[in-house]
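File shown here: work-v1.txt, holding compact mmCIF, C-alpha atoms.
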# COMPACT_ATOMS: atom_id res chain seq x y z
CA MET A 279 13.13 -2.97 5.36
CA ASP A 280 10.90 -5.99 4.79
CA ALA A 281 9.44 -5.90 1.26
CA GLU A 282 6.56 -8.24 2.15
CA HIS A 283 5.10 -6.07 4.92
CA CYS A 284 3.43 -2.68 4.94
CA PRO A 285 5.79 0.01 6.22
CA LEU A 286 2.87 1.75 7.97
CA CYS A 287 1.17 -1.06 9.89
CA GLY A 288 3.56 -4.01 9.56
CA LYS A 289 0.92 -6.40 8.22
CA PRO A 290 1.46 -8.42 5.00
CA ASN A 291 1.15 -6.12 1.99
CA ARG A 292 0.10 -8.84 -0.48
CA CYS A 293 2.76 -7.67 -2.96
CA SER A 294 3.10 -10.27 -5.70
CA ILE A 295 6.48 -8.89 -6.78
CA ALA A 296 8.00 -9.17 -3.28
CA ALA A 297 6.53 -12.67 -2.97
CA GLY A 298 8.44 -13.72 -6.10
CA ARG A 299 5.40 -13.87 -8.40
CA SER A 300 6.75 -11.43 -10.96
CA ASP A 301 4.62 -13.06 -13.66
CA GLU A 302 1.52 -11.39 -12.21
CA PRO A 303 1.06 -7.68 -11.54
CA CYS A 304 0.86 -6.45 -7.98
CA TRP A 305 -2.59 -5.37 -6.74
CA CYS A 306 -1.27 -1.81 -6.45
CA PHE A 307 -0.70 -1.53 -10.21
CA GLU A 308 -4.46 -1.22 -10.64
CA ALA A 309 -5.27 0.52 -7.33
CA GLN A 310 -5.60 4.21 -6.69
CA VAL A 311 -3.47 4.76 -3.60
CA ASP A 312 -4.56 7.55 -1.28
CA PRO A 313 -2.01 10.41 -1.48
CA ALA A 314 -2.36 10.98 2.28
CA ALA A 315 -1.12 7.43 2.91
CA LEU A 316 1.94 8.05 0.75
CA GLN A 317 2.71 11.26 2.67
CA ARG A 318 2.90 9.21 5.89
CA LEU A 319 5.96 7.39 4.51
CA THR A 320 9.44 8.61 5.26
CA PRO A 321 11.62 9.48 2.25
CA GLU A 322 13.57 6.25 2.88
CA GLN A 323 10.37 4.16 2.68
CA ARG A 324 9.04 5.64 -0.56
CA ASP A 325 9.30 3.46 -3.66
CA GLN A 326 10.86 0.63 -1.62
CA THR A 327 7.87 -1.53 -0.63
CA CYS A 328 4.10 -1.71 -1.07
CA LEU A 329 1.57 -0.50 1.43
CA CYS A 330 -1.08 -3.03 2.36
CA PRO A 331 -4.49 -2.54 0.70
CA ALA A 332 -5.99 -1.27 3.96
CA CYS A 333 -3.36 1.43 4.53
CA ALA A 334 -3.25 2.39 0.85
CA GLY A 335 -6.94 3.24 0.86
CA ALA A 336 -7.69 3.76 4.55
CA VAL A 337 -8.55 7.44 4.21
CA ALA A 338 -10.57 6.91 1.03
CA ALA A 339 -12.52 4.09 2.70
CA ALA A 340 -13.26 6.27 5.72
CA LYS A 341 -14.52 9.07 3.46
CA GLY A 342 -16.80 6.59 1.68
CA GLU A 343 -18.28 5.44 4.97
CA GLU A 344 -19.07 9.04 5.92
CA ARG A 345 -21.26 9.43 2.83
CA ASP A 346 -23.45 6.41 3.71

Would you put the structure from the file into structure tokens?
Amino acid sequence: MDAEHCPLCGKPNRCSIAAGRSDEPCWCFEAQVDPAALQRLTPEQRDQTCLCPACAGAVAAAKGEERD
């Protein structure tokens, strides 16, 4: 499993920890990740690598667009 890519879409996940920048927190430390996105992960993928920002909030973003 590649720690620098999203396990759902394969794009870069922008994880600062995986990129070796452990002196700065990962974007996901402050983000509210959509529970539906986490449920799409297999048990083997959970807690192993970050989702990308788009996949982590894809459902929440879609819900926000519906309200507009």

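Comparing A:Gly335, A:Pro285, A:Gly298, A:Pro290 by their smallest distance to Ala314 in chain A, the closest is A:Gly335 (using all atoms listed in the file).
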
Exercise. Between CA of Cys284 in chain A and CA of Ala296 in chain A, what is the spacing in Å?
Worked result: 11.4 Å

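Counting all atoms listed in the file, the residue from A:Arg324, A:Leu329, A:Ala281, A:Lys289 that sits nearest to Trp305 in chain A is A:Leu329.
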
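Distance annotation: of A:Ala332, A:Thr320, A:Leu286, A:Cys293, the residue with the minimal separation from Phe307 in chain A is A:Cys293; atom set is all atoms listed in the file.
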
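Around Ile295 in chain A, within 10 Å and counting only C-alpha atoms, the residues found are A:Ala281, A:Glu282, A:Arg292, A:Cys293, A:Ala297, A:Gly298, A:Arg299, A:Ser300, A:Asp301, A:Glu302, A:Pro303, A:Cys304, A:Trp305, A:Thr327, A:Cys328, once anything fewer than 2 positions away on its own chain is removed.
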
Problem set entry | Coordinates-based distance that separates CA of Pro313 in chain A from CA of Gly288 in chain A (Å, one decimal) | 19.0 Å

Seminar exercise, completed: Nearest to Cys330 in chain A, restricted to all atoms listed in the file and choosing among A:Glu308, A:Ser294, A:Cys287, A:Asp280, comes out as A:Cys287

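Interatomic distance, CA of Val311 in chain A to CA of Ala334 in chain A: 5.0 Å.
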